[in-house]
Each structure stands twice: as structure tokens, then as C-alpha cells.
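Before any comments, here is the structure.
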Amino acid sequence: MTLKDKKALARRFIQLFSESKVDKAFELLSADFHWVTWGSLPFSGRNDKETVRRFADGLRDAFEEKPVWIVDAIIAEGDTVCVECHTVGDTRDGFQYRNHYHLAVTVHNDMISEIREYMDTQHCMALVASLQGSA
């Protein structure tokens, strides 16, 4: 797979996820996929594909309209694709979620095997608090 192909794969995952085509997006993830989120959020740590899917489904249901992920920049070297992106979405309770991310996407055997996510964890914690009714 060329670097161009790897970048297209990462972009396609984000596009499908943003369009709420989660089944199709998850077809791009390897069976041993892991998503790593830094910080002390309730979902921080190294999570497997099944755990990420449950979390994604629950989170999407909290939004009036599904959050949109927008790719701002993308570069690749070796097996790593770095994606700078941001999201825009409003929860059913009116919280305006506007976060910025850096995703380090590892591509192995033509599939995404890992995503390491860096974001504004304070803004994400405000989202979590709003969903728990304490914001």
C-alpha cells in the first residue's frame, strides 16, 4: 500500500464515521484493532474494537444530529498516517461540541490497526459532564 493509499484509508474511515456509516467504517479496522485515548477521561486508555464500537454508538445517540468530523490536514510516513481534524456537533441537550484532534493512525496489512487520539480533554470532559446532567 502506498502512502497515498494509507492516507485515503484514514480519510475514508473518518468520512464514513462522520456520515454515521459506522458498520462500513468499522470494516476498515483490523480484528486486533485498538484505539488509544490519552488523559483521564472515562474512556481513556487502550480500547479494543468491540469497546470502541459500543462507545461510538452510545455517543452518537447523544447528539441531535450526528457530529461531523472534518479533516484539516493529513500526512503519512511509513505505516503511520497523521490526521489533524475537528468535530462539530450539538447534543440533544444543547451542548455545543467543538473539539480539535490529532489522530495517529497505524495501517498494517491494508487495514487500520490502531488509532492514537490526542484532543482537548477538558472540552471533552465538559461534554461528558453535560451528558451526565452535571454541566
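In the C-alpha cells, each chain is lettered A, B, ... as it comes, each chain's residues begin at 1, and ligands are numbered from 1 in order of appearance.
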
### Task
as a VMD selection string, please: all residues of region 75-125 of chain A that backbone DSSP puts in alpha helix (DSSP H).
chain A and resid 121 to 125

For the selection you just gave me, I'd like the residues written to a file as an mmCIF file, in the first residue's frame, keeping C-alpha atoms.
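Final output, part.cif:
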```
data_model
loop_
_atom_site.group_PDB
_atom_site.id
_atom_site.type_symbol
_atom_site.label_atom_id
_atom_site.label_comp_id
_atom_site.auth_asym_id
_atom_site.auth_seq_id
_atom_site.Cartn_x
_atom_site.Cartn_y
_atom_site.Cartn_z
ATOM 1 C CA THR A 121 -9.605 16.604 27.017
ATOM 2 C CA GLN A 122 -11.014 19.480 29.097
ATOM 3 C CA HIS A 123 -13.619 20.220 26.401
ATOM 4 C CA CYS A 124 -14.378 16.508 26.109
ATOM 5 C CA MET A 125 -14.826 16.269 29.893
#
```

Can you list, as a PDB file with C-alpha atoms, in the first residue's frame, every protein, DNA or RNA residue that comes within 12 Å of Val88 (chain A) when you count only C-alpha atoms, leaving out same-chain residues fewer than 2 positions away?
```pdb
ATOM      1  CA  SER A  18     -18.841  11.272  10.123  1.00  0.00           C
ATOM      2  CA  PHE A  63     -26.346  14.108  19.561  1.00  0.00           C
ATOM      3  CA  GLU A  64     -29.326  15.776  17.900  1.00  0.00           C
ATOM      4  CA  GLU A  65     -27.566  15.433  14.570  1.00  0.00           C
ATOM      5  CA  LYS A  66     -24.524  13.213  14.294  1.00  0.00           C
ATOM      6  CA  PRO A  67     -21.263  15.116  14.846  1.00  0.00           C
ATOM      7  CA  VAL A  68     -19.344  15.959  11.693  1.00  0.00           C
ATOM      8  CA  TRP A  69     -15.620  15.178  11.549  1.00  0.00           C
ATOM      9  CA  ILE A  70     -13.650  17.484   9.269  1.00  0.00           C
ATOM     10  CA  VAL A  71     -10.127  16.654   8.111  1.00  0.00           C
ATOM     11  CA  CYS A  85      -9.191  17.243  12.268  1.00  0.00           C
ATOM     12  CA  HIS A  86     -12.025  18.815  14.193  1.00  0.00           C
ATOM     13  CA  ASP A  90     -24.681  19.655  19.218  1.00  0.00           C
ATOM     14  CA  THR A  91     -26.065  17.236  21.787  1.00  0.00           C
ATOM     15  CA  PHE A  95     -24.083  21.262  24.413  1.00  0.00           C
ATOM     16  CA  GLN A  96     -22.014  22.591  21.505  1.00  0.00           C
ATOM     17  CA  TYR A  97     -19.193  20.112  20.983  1.00  0.00           C
ATOM     18  CA  ARG A  98     -16.340  21.656  19.001  1.00  0.00           C
ATOM     19  CA  ASN A  99     -13.165  19.690  19.538  1.00  0.00           C
ATOM     20  CA  HIS A 100      -9.847  19.505  17.706  1.00  0.00           C
ATOM     21  CA  TYR A 101      -7.902  16.289  17.275  1.00  0.00           C
TER      22      TYR A 101
END
```

### Query
How many Å separate CA of Leu59 (chain A) from CA of Thr106 (chain A)?
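Between CA of Leu59 (chain A) and CA of Thr106 (chain A) the gap is 23.6 Å.
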
### Who sits within 12 Å of region 32-46 of chain A, only C-alpha atoms, same chain under 2 positions skipped, as a PyMOL selection string
chain A and resi 26-30+48-56+59+101-109+111-129+132

Residues just named, written with N, CA and C atoms as a compact mmCIF listing (two decimals), in the first residue's frame:
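As written to disk, out-v8.txt reads:
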```
# COMPACT_ATOMS: atom_id res chain seq x y z
N PHE A 26 -16.14 0.54 10.40
CA PHE A 26 -15.50 -0.50 11.20
C PHE A 26 -14.99 -1.67 10.36
N GLU A 27 -15.46 -1.79 9.13
CA GLU A 27 -14.91 -2.80 8.21
C GLU A 27 -13.46 -2.47 7.83
N LEU A 28 -13.05 -1.23 8.02
CA LEU A 28 -11.69 -0.80 7.69
C LEU A 28 -10.70 -1.06 8.83
N LEU A 29 -11.21 -1.53 9.97
CA LEU A 29 -10.39 -1.79 11.15
C LEU A 29 -10.04 -3.27 11.25
N SER A 30 -8.80 -3.56 11.59
CA SER A 30 -8.37 -4.96 11.74
C SER A 30 -9.06 -5.60 12.94
N ASP A 48 -10.30 -2.00 22.77
CA ASP A 48 -10.41 -2.87 21.60
C ASP A 48 -11.58 -2.45 20.72
N LYS A 49 -11.69 -3.10 19.59
CA LYS A 49 -12.67 -2.74 18.56
C LYS A 49 -14.10 -2.80 19.10
N GLU A 50 -14.43 -3.83 19.85
CA GLU A 50 -15.78 -4.00 20.38
C GLU A 50 -16.13 -2.88 21.37
N THR A 51 -15.20 -2.55 22.24
CA THR A 51 -15.42 -1.49 23.22
C THR A 51 -15.60 -0.15 22.53
N VAL A 52 -14.78 0.12 21.53
CA VAL A 52 -14.88 1.38 20.78
C VAL A 52 -16.23 1.46 20.08
N ARG A 53 -16.69 0.37 19.53
CA ARG A 53 -17.99 0.36 18.83
C ARG A 53 -19.13 0.67 19.80
N ARG A 54 -19.13 0.05 20.96
CA ARG A 54 -20.18 0.33 21.95
C ARG A 54 -20.17 1.81 22.36
N PHE A 55 -18.98 2.33 22.60
CA PHE A 55 -18.85 3.73 22.99
C PHE A 55 -19.33 4.65 21.87
N ALA A 56 -18.91 4.37 20.64
CA ALA A 56 -19.28 5.20 19.49
C ALA A 56 -20.80 5.22 19.30
N LEU A 59 -22.37 7.34 22.11
CA LEU A 59 -22.06 8.76 21.97
C LEU A 59 -22.87 9.38 20.82
N TYR A 101 -8.58 17.56 17.07
CA TYR A 101 -7.90 16.29 17.27
C TYR A 101 -6.64 16.17 16.44
N HIS A 102 -5.76 15.34 16.94
CA HIS A 102 -4.68 14.77 16.15
C HIS A 102 -4.87 13.27 16.30
N LEU A 103 -4.99 12.57 15.19
CA LEU A 103 -5.12 11.12 15.20
C LEU A 103 -3.89 10.54 14.53
N ALA A 104 -3.18 9.69 15.26
CA ALA A 104 -2.06 8.95 14.68
C ALA A 104 -2.62 7.57 14.33
N VAL A 105 -2.78 7.33 13.05
CA VAL A 105 -3.43 6.12 12.55
C VAL A 105 -2.35 5.17 12.03
N THR A 106 -2.34 3.95 12.56
CA THR A 106 -1.39 2.93 12.10
C THR A 106 -2.10 2.03 11.10
N VAL A 107 -1.49 1.86 9.93
CA VAL A 107 -2.04 0.99 8.89
C VAL A 107 -1.12 -0.21 8.75
N HIS A 108 -1.71 -1.40 8.84
CA HIS A 108 -0.95 -2.65 8.73
C HIS A 108 -1.79 -3.63 7.93
N ASN A 109 -1.19 -4.27 6.94
CA ASN A 109 -1.90 -5.22 6.08
C ASN A 109 -3.17 -4.64 5.49
N MET A 111 -5.20 -2.45 6.51
CA MET A 111 -6.28 -2.14 7.44
C MET A 111 -5.74 -1.22 8.53
N ILE A 112 -6.65 -0.52 9.19
CA ILE A 112 -6.26 0.32 10.32
C ILE A 112 -6.14 -0.58 11.55
N SER A 113 -4.95 -0.62 12.13
CA SER A 113 -4.73 -1.49 13.29
C SER A 113 -4.73 -0.73 14.61
N GLU A 114 -4.52 0.59 14.55
CA GLU A 114 -4.53 1.37 15.78
C GLU A 114 -4.78 2.84 15.46
N ILE A 115 -5.48 3.50 16.38
CA ILE A 115 -5.62 4.95 16.33
C ILE A 115 -5.22 5.47 17.71
N ARG A 116 -4.30 6.44 17.71
CA ARG A 116 -3.91 7.12 18.95
C ARG A 116 -4.47 8.53 18.84
N GLU A 117 -5.34 8.87 19.78
CA GLU A 117 -6.12 10.11 19.72
C GLU A 117 -5.62 11.13 20.73
N TYR A 118 -5.36 12.32 20.25
CA TYR A 118 -4.97 13.46 21.08
C TYR A 118 -6.01 14.55 20.85
N MET A 119 -6.54 15.14 21.93
CA MET A 119 -7.60 16.13 21.79
C MET A 119 -7.60 17.06 22.99
N ASP A 120 -8.51 18.02 22.96
CA ASP A 120 -8.75 18.89 24.10
C ASP A 120 -9.57 18.09 25.10
N THR A 121 -8.90 17.47 26.06
CA THR A 121 -9.60 16.60 27.02
C THR A 121 -10.50 17.41 27.96
N GLN A 122 -10.16 18.66 28.23
CA GLN A 122 -11.01 19.48 29.10
C GLN A 122 -12.37 19.72 28.43
N HIS A 123 -12.36 20.02 27.13
CA HIS A 123 -13.62 20.22 26.40
C HIS A 123 -14.41 18.91 26.35
N CYS A 124 -13.71 17.81 26.16
CA CYS A 124 -14.38 16.51 26.11
C CYS A 124 -14.98 16.17 27.48
N MET A 125 -14.28 16.51 28.55
CA MET A 125 -14.83 16.27 29.89
C MET A 125 -16.08 17.10 30.12
N ALA A 126 -16.14 18.31 29.57
CA ALA A 126 -17.35 19.13 29.65
C ALA A 126 -18.50 18.44 28.92
N LEU A 127 -18.20 17.80 27.79
CA LEU A 127 -19.22 17.03 27.08
C LEU A 127 -19.72 15.89 27.94
N VAL A 128 -18.79 15.13 28.53
CA VAL A 128 -19.16 14.00 29.40
C VAL A 128 -20.05 14.49 30.54
N ALA A 129 -19.64 15.61 31.17
CA ALA A 129 -20.42 16.16 32.28
C ALA A 129 -21.82 16.56 31.82
N GLN A 132 -24.00 13.63 31.54
CA GLN A 132 -24.36 13.07 32.85
C GLN A 132 -25.27 14.02 33.61
```

Picked from region 21-104 of chain A by DSSP as strand (DSSP E), as a CSV table (one decimal) with all heavy atoms, in the first residue's frame:
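Writing done, so here's result.csv:
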```
chain,number,residue,atom,x,y,z
A,29,LEU,N,-11.2,-1.5,10.0
A,29,LEU,CA,-10.4,-1.8,11.2
A,29,LEU,C,-10.0,-3.3,11.2
A,29,LEU,O,-10.9,-4.1,11.0
A,29,LEU,CB,-11.1,-1.4,12.4
A,29,LEU,CG,-11.7,0.1,12.5
A,29,LEU,CD1,-12.4,0.3,13.7
A,29,LEU,CD2,-10.6,1.1,12.3
A,30,SER,N,-8.8,-3.6,11.6
A,30,SER,CA,-8.4,-5.0,11.7
A,30,SER,C,-9.1,-5.6,12.9
A,30,SER,O,-9.6,-4.9,13.8
A,30,SER,CB,-6.8,-5.0,11.9
A,30,SER,OG,-6.5,-4.4,13.1
A,31,ALA,N,-9.1,-6.9,13.0
A,31,ALA,CA,-9.7,-7.7,14.1
A,31,ALA,C,-9.0,-7.4,15.4
A,31,ALA,O,-9.7,-7.3,16.4
A,31,ALA,CB,-9.6,-9.2,13.8
A,32,ASP,N,-7.7,-7.1,15.4
A,32,ASP,CA,-7.0,-6.8,16.6
A,32,ASP,C,-6.8,-5.3,16.8
A,32,ASP,O,-5.9,-4.8,17.6
A,32,ASP,CB,-5.7,-7.5,16.6
A,32,ASP,CG,-4.7,-7.0,15.5
A,32,ASP,OD1,-5.2,-6.4,14.5
A,32,ASP,OD2,-3.5,-7.3,15.6
A,33,PHE,N,-7.7,-4.5,16.3
A,33,PHE,CA,-7.6,-3.0,16.3
A,33,PHE,C,-7.7,-2.5,17.8
A,33,PHE,O,-8.4,-3.1,18.6
A,33,PHE,CB,-8.8,-2.4,15.5
A,33,PHE,CG,-9.0,-1.0,15.8
A,33,PHE,CD1,-8.2,0.0,15.1
A,33,PHE,CD2,-9.9,-0.5,16.7
A,33,PHE,CE1,-8.4,1.3,15.2
A,33,PHE,CE2,-10.1,0.9,16.8
A,33,PHE,CZ,-9.3,1.8,16.1
A,34,HIS,N,-7.0,-1.4,18.1
A,34,HIS,CA,-7.1,-0.7,19.3
A,34,HIS,C,-7.1,0.8,19.1
A,34,HIS,O,-6.5,1.3,18.2
A,34,HIS,CB,-5.9,-1.1,20.3
A,34,HIS,CG,-6.0,-2.4,20.8
A,34,HIS,ND1,-5.5,-3.5,20.3
A,34,HIS,CD2,-6.6,-2.8,22.0
A,34,HIS,CE1,-5.7,-4.6,21.0
A,34,HIS,NE2,-6.4,-4.2,22.0
A,35,TRP,N,-7.9,1.5,20.0
A,35,TRP,CA,-8.0,2.9,20.0
A,35,TRP,C,-7.5,3.4,21.3
A,35,TRP,O,-8.0,3.0,22.3
A,35,TRP,CB,-9.4,3.4,19.8
A,35,TRP,CG,-9.6,4.8,19.5
A,35,TRP,CD1,-9.2,5.9,20.2
A,35,TRP,CD2,-10.3,5.4,18.4
A,35,TRP,NE1,-9.6,7.1,19.7
A,35,TRP,CE2,-10.3,6.8,18.5
A,35,TRP,CE3,-11.0,4.8,17.3
A,35,TRP,CZ2,-10.9,7.7,17.6
A,35,TRP,CZ3,-11.6,5.7,16.4
A,35,TRP,CH2,-11.6,7.1,16.6
A,36,VAL,N,-6.4,4.2,21.3
A,36,VAL,CA,-5.8,4.7,22.5
A,36,VAL,C,-6.2,6.2,22.6
A,36,VAL,O,-6.0,7.0,21.7
A,36,VAL,CB,-4.2,4.6,22.4
A,36,VAL,CG1,-3.6,5.1,23.7
A,36,VAL,CG2,-3.8,3.1,22.2
A,37,THR,N,-6.7,6.5,23.8
A,37,THR,CA,-7.1,7.9,24.1
A,37,THR,C,-6.3,8.3,25.4
A,37,THR,O,-6.4,7.6,26.4
A,37,THR,CB,-8.6,8.0,24.4
A,37,THR,OG1,-9.3,7.6,23.2
A,37,THR,CG2,-9.0,9.5,24.7
A,45,GLY,N,-7.5,5.3,27.7
A,45,GLY,CA,-6.8,4.0,27.8
A,45,GLY,C,-6.7,3.4,26.4
A,45,GLY,O,-7.0,4.0,25.4
A,46,ARG,N,-6.4,2.1,26.4
A,46,ARG,CA,-6.3,1.3,25.2
A,46,ARG,C,-7.6,0.4,25.1
A,46,ARG,O,-7.7,-0.5,25.9
A,46,ARG,CB,-5.0,0.4,25.2
A,46,ARG,CG,-4.7,-0.4,24.0
A,46,ARG,CD,-3.4,-1.1,24.2
A,46,ARG,NE,-3.2,-2.1,23.2
A,46,ARG,CZ,-2.6,-1.8,22.0
A,46,ARG,NH1,-2.2,-0.6,21.7
A,46,ARG,NH2,-2.4,-2.8,21.1
A,47,ASN,N,-8.4,0.7,24.1
A,47,ASN,CA,-9.7,0.0,24.0
A,47,ASN,C,-9.7,-0.8,22.7
A,47,ASN,O,-9.3,-0.3,21.6
A,47,ASN,CB,-10.8,1.0,24.0
A,47,ASN,CG,-11.0,1.7,25.3
A,47,ASN,OD1,-11.3,1.1,26.3
A,47,ASN,ND2,-10.6,3.0,25.3
A,48,ASP,N,-10.3,-2.0,22.8
A,48,ASP,CA,-10.4,-2.9,21.6
A,48,ASP,C,-11.6,-2.4,20.7
A,48,ASP,O,-12.4,-1.6,21.1
A,48,ASP,CB,-10.5,-4.3,22.0
A,48,ASP,CG,-11.8,-4.7,22.8
A,48,ASP,OD1,-12.7,-3.9,22.8
A,48,ASP,OD2,-11.8,-5.7,23.5
A,68,VAL,N,-20.1,16.0,13.0
A,68,VAL,CA,-19.3,16.0,11.7
A,68,VAL,C,-17.9,16.1,12.0
A,68,VAL,O,-17.4,16.9,12.8
A,68,VAL,CB,-19.8,17.1,10.8
A,68,VAL,CG1,-18.9,17.2,9.5
A,68,VAL,CG2,-21.3,17.0,10.5
A,69,TRP,N,-17.1,15.2,11.4
A,69,TRP,CA,-15.6,15.2,11.5
A,69,TRP,C,-15.1,15.8,10.3
A,69,TRP,O,-15.4,15.4,9.2
A,69,TRP,CB,-15.1,13.8,11.7
A,69,TRP,CG,-15.3,13.1,13.0
A,69,TRP,CD1,-16.5,12.8,13.6
A,69,TRP,CD2,-14.3,12.7,14.0
A,69,TRP,NE1,-16.3,12.2,14.8
A,69,TRP,CE2,-14.9,12.2,15.1
A,69,TRP,CE3,-12.9,12.8,13.9
A,69,TRP,CZ2,-14.2,11.7,16.2
A,69,TRP,CZ3,-12.2,12.3,15.0
A,69,TRP,CH2,-12.9,11.8,16.1
A,70,ILE,N,-14.2,16.8,10.4
A,70,ILE,CA,-13.7,17.5,9.3
A,70,ILE,C,-12.1,17.4,9.3
A,70,ILE,O,-11.5,17.7,10.3
A,70,ILE,CB,-14.1,19.0,9.3
A,70,ILE,CG1,-15.6,19.1,9.3
A,70,ILE,CG2,-13.4,19.7,8.2
A,70,ILE,CD1,-16.1,20.4,9.8
A,71,VAL,N,-11.6,16.8,8.2
A,71,VAL,CA,-10.1,16.7,8.1
A,71,VAL,C,-9.5,18.0,7.7
A,71,VAL,O,-9.9,18.6,6.7
A,71,VAL,CB,-9.8,15.6,7.1
A,71,VAL,CG1,-8.3,15.5,6.8
A,71,VAL,CG2,-10.3,14.2,7.6
A,72,ASP,N,-8.6,18.5,8.5
A,72,ASP,CA,-7.9,19.7,8.2
A,72,ASP,C,-6.6,19.5,7.5
A,72,ASP,O,-6.1,20.3,6.7
A,72,ASP,CB,-7.7,20.5,9.5
A,72,ASP,CG,-9.0,20.9,10.2
A,72,ASP,OD1,-9.9,21.4,9.5
A,72,ASP,OD2,-9.2,20.6,11.4
A,73,ALA,N,-5.8,18.5,7.9
A,73,ALA,CA,-4.5,18.2,7.3
A,73,ALA,C,-4.3,16.7,7.5
A,73,ALA,O,-4.7,16.1,8.4
A,73,ALA,CB,-3.4,19.0,8.0
A,74,ILE,N,-3.5,16.1,6.6
A,74,ILE,CA,-3.1,14.7,6.7
A,74,ILE,C,-1.8,14.5,6.0
A,74,ILE,O,-1.5,15.0,4.9
A,74,ILE,CB,-4.2,13.9,6.0
A,74,ILE,CG1,-4.1,12.4,6.2
A,74,ILE,CG2,-4.4,14.2,4.5
A,74,ILE,CD1,-5.3,11.5,5.9
A,75,ILE,N,-0.9,13.8,6.8
A,75,ILE,CA,0.4,13.4,6.3
A,75,ILE,C,0.7,12.0,6.6
A,75,ILE,O,0.1,11.4,7.5
A,75,ILE,CB,1.5,14.3,6.8
A,75,ILE,CG1,1.6,14.3,8.3
A,75,ILE,CG2,1.3,15.8,6.4
A,75,ILE,CD1,2.8,15.0,9.0
A,76,ALA,N,1.6,11.4,5.9
A,76,ALA,CA,1.9,10.0,6.2
A,76,ALA,C,3.4,9.7,6.0
A,76,ALA,O,4.1,10.3,5.2
A,76,ALA,CB,1.1,9.1,5.3
A,77,GLU,N,3.9,8.7,6.8
A,77,GLU,CA,5.3,8.2,6.7
A,77,GLU,C,5.3,6.8,7.2
A,77,GLU,O,4.7,6.6,8.3
A,77,GLU,CB,6.2,9.1,7.5
A,77,GLU,CG,7.7,8.7,7.3
A,77,GLU,CD,8.7,9.6,7.9
A,77,GLU,OE1,8.4,10.8,8.0
A,77,GLU,OE2,9.7,9.1,8.3
A,80,THR,N,2.4,5.0,9.4
A,80,THR,CA,1.6,6.0,10.2
A,80,THR,C,1.1,7.1,9.4
A,80,THR,O,1.8,7.7,8.6
A,80,THR,CB,2.5,6.6,11.3
A,80,THR,OG1,3.1,5.6,12.1
A,80,THR,CG2,1.7,7.6,12.2
A,81,VAL,N,-0.2,7.4,9.6
A,81,VAL,CA,-0.9,8.5,8.9
A,81,VAL,C,-1.3,9.4,10.1
A,81,VAL,O,-2.0,9.0,11.0
A,81,VAL,CB,-2.2,8.0,8.1
A,81,VAL,CG1,-2.9,9.2,7.5
A,81,VAL,CG2,-1.8,7.0,7.1
A,82,CYS,N,-0.9,10.7,10.0
A,82,CYS,CA,-1.3,11.7,11.0
A,82,CYS,C,-2.4,12.6,10.4
A,82,CYS,O,-2.2,13.1,9.4
A,82,CYS,CB,-0.1,12.5,11.4
A,82,CYS,SG,1.2,11.5,12.2
A,83,VAL,N,-3.5,12.6,11.1
A,83,VAL,CA,-4.7,13.4,10.7
A,83,VAL,C,-5.0,14.4,11.7
A,83,VAL,O,-5.2,14.2,12.9
A,83,VAL,CB,-5.9,12.4,10.5
A,83,VAL,CG1,-7.1,13.2,10.0
A,83,VAL,CG2,-5.6,11.2,9.7
A,84,GLU,N,-5.0,15.7,11.3
A,84,GLU,CA,-5.4,16.8,12.1
A,84,GLU,C,-6.9,17.1,11.6
A,84,GLU,O,-7.2,17.2,10.5
A,84,GLU,CB,-4.6,18.0,11.8
A,84,GLU,CG,-4.9,19.2,12.7
A,84,GLU,CD,-4.0,20.4,12.5
A,84,GLU,OE1,-2.9,20.2,12.0
A,84,GLU,OE2,-4.4,21.5,12.9
A,85,CYS,N,-7.8,17.1,12.6
A,85,CYS,CA,-9.2,17.2,12.3
A,85,CYS,C,-9.9,17.9,13.4
A,85,CYS,O,-9.4,18.1,14.5
A,85,CYS,CB,-9.8,15.9,11.9
A,85,CYS,SG,-9.7,14.6,13.2
A,86,HIS,N,-11.2,18.3,13.1
A,86,HIS,CA,-12.0,18.8,14.2
A,86,HIS,C,-13.5,18.3,14.0
A,86,HIS,O,-13.8,17.8,12.9
A,86,HIS,CB,-12.0,20.3,14.2
A,86,HIS,CG,-12.6,21.0,13.0
A,86,HIS,ND1,-11.9,21.2,11.8
A,86,HIS,CD2,-13.8,21.6,12.9
A,86,HIS,CE1,-12.7,21.8,11.0
A,86,HIS,NE2,-13.8,22.1,11.6
A,87,THR,N,-14.2,18.4,15.1
A,87,THR,CA,-15.6,18.0,15.0
A,87,THR,C,-16.5,19.1,15.4
A,87,THR,O,-16.2,20.0,16.1
A,87,THR,CB,-15.9,16.8,16.0
A,87,THR,OG1,-15.5,17.3,17.3
A,87,THR,CG2,-15.2,15.6,15.7
A,88,VAL,N,-17.7,19.0,14.8
A,88,VAL,CA,-18.8,20.0,15.1
A,88,VAL,C,-20.1,19.1,15.4
A,88,VAL,O,-20.5,18.3,14.5
A,88,VAL,CB,-19.0,20.9,13.9
A,88,VAL,CG1,-20.2,21.9,14.2
A,88,VAL,CG2,-17.8,21.7,13.6
A,89,GLY,N,-20.7,19.3,16.5
A,89,GLY,CA,-21.9,18.6,16.8
A,89,GLY,C,-22.6,19.2,18.0
A,89,GLY,O,-21.9,19.7,19.0
A,90,ASP,N,-23.9,19.2,18.1
A,90,ASP,CA,-24.7,19.7,19.2
A,90,ASP,C,-25.5,18.5,19.8
A,90,ASP,O,-26.1,17.8,19.1
A,90,ASP,CB,-25.7,20.7,18.8
A,90,ASP,CG,-25.0,22.0,18.2
A,90,ASP,OD1,-23.8,22.2,18.5
A,90,ASP,OD2,-25.6,22.7,17.5
A,96,GLN,N,-22.7,22.4,22.8
A,96,GLN,CA,-22.0,22.6,21.5
A,96,GLN,C,-20.6,22.0,21.6
A,96,GLN,O,-19.7,22.5,22.2
A,96,GLN,CB,-21.9,24.1,21.1
A,96,GLN,CG,-23.3,24.7,20.9
A,96,GLN,CD,-23.2,26.1,20.5
A,96,GLN,OE1,-22.2,26.8,20.7
A,96,GLN,NE2,-24.2,26.6,19.7
A,97,TYR,N,-20.5,20.8,21.0
A,97,TYR,CA,-19.2,20.1,21.0
A,97,TYR,C,-18.4,20.5,19.8
A,97,TYR,O,-18.8,20.3,18.6
A,97,TYR,CB,-19.4,18.6,21.0
A,97,TYR,CG,-18.1,17.8,21.2
A,97,TYR,CD1,-17.4,18.0,22.4
A,97,TYR,CD2,-17.6,17.0,20.3
A,97,TYR,CE1,-16.3,17.3,22.6
A,97,TYR,CE2,-16.5,16.2,20.5
A,97,TYR,CZ,-15.8,16.4,21.7
A,97,TYR,OH,-14.6,15.7,21.9
A,100,HIS,N,-10.9,19.6,18.7
A,100,HIS,CA,-9.8,19.5,17.7
A,100,HIS,C,-9.0,18.3,18.1
A,100,HIS,O,-8.8,18.0,19.3
A,100,HIS,CB,-9.0,20.8,17.7
A,100,HIS,CG,-9.7,22.0,17.3
A,100,HIS,ND1,-9.8,22.4,16.0
A,100,HIS,CD2,-10.6,22.8,17.9
A,100,HIS,CE1,-10.5,23.4,15.9
A,100,HIS,NE2,-11.0,23.7,17.0
A,101,TYR,N,-8.6,17.6,17.1
A,101,TYR,CA,-7.9,16.3,17.3
A,101,TYR,C,-6.6,16.2,16.4
A,101,TYR,O,-6.5,16.7,15.4
A,101,TYR,CB,-8.8,15.1,16.8
A,101,TYR,CG,-10.1,15.0,17.5
A,101,TYR,CD1,-11.2,15.8,17.1
A,101,TYR,CD2,-10.3,14.2,18.7
A,101,TYR,CE1,-12.4,15.7,17.7
A,101,TYR,CE2,-11.5,14.2,19.3
A,101,TYR,CZ,-12.5,14.9,18.8
A,101,TYR,OH,-13.7,14.8,19.5
A,102,HIS,N,-5.8,15.3,16.9
A,102,HIS,CA,-4.7,14.8,16.1
A,102,HIS,C,-4.9,13.3,16.3
A,102,HIS,O,-4.9,12.8,17.4
A,102,HIS,CB,-3.3,15.2,16.7
A,102,HIS,CG,-2.2,14.4,16.0
A,102,HIS,ND1,-1.7,14.7,14.8
A,102,HIS,CD2,-1.6,13.3,16.4
A,102,HIS,CE1,-0.8,13.8,14.4
A,102,HIS,NE2,-0.7,12.9,15.4
A,103,LEU,N,-5.0,12.6,15.2
A,103,LEU,CA,-5.1,11.1,15.2
A,103,LEU,C,-3.9,10.5,14.5
A,103,LEU,O,-3.6,10.9,13.4
A,103,LEU,CB,-6.4,10.7,14.5
A,103,LEU,CG,-7.7,11.2,14.9
A,103,LEU,CD1,-8.8,10.8,14.0
A,103,LEU,CD2,-8.0,10.8,16.4
A,104,ALA,N,-3.2,9.7,15.3
A,104,ALA,CA,-2.1,9.0,14.7
A,104,ALA,C,-2.6,7.6,14.3
A,104,ALA,O,-2.9,6.8,15.2
A,104,ALA,CB,-0.9,8.9,15.7
```
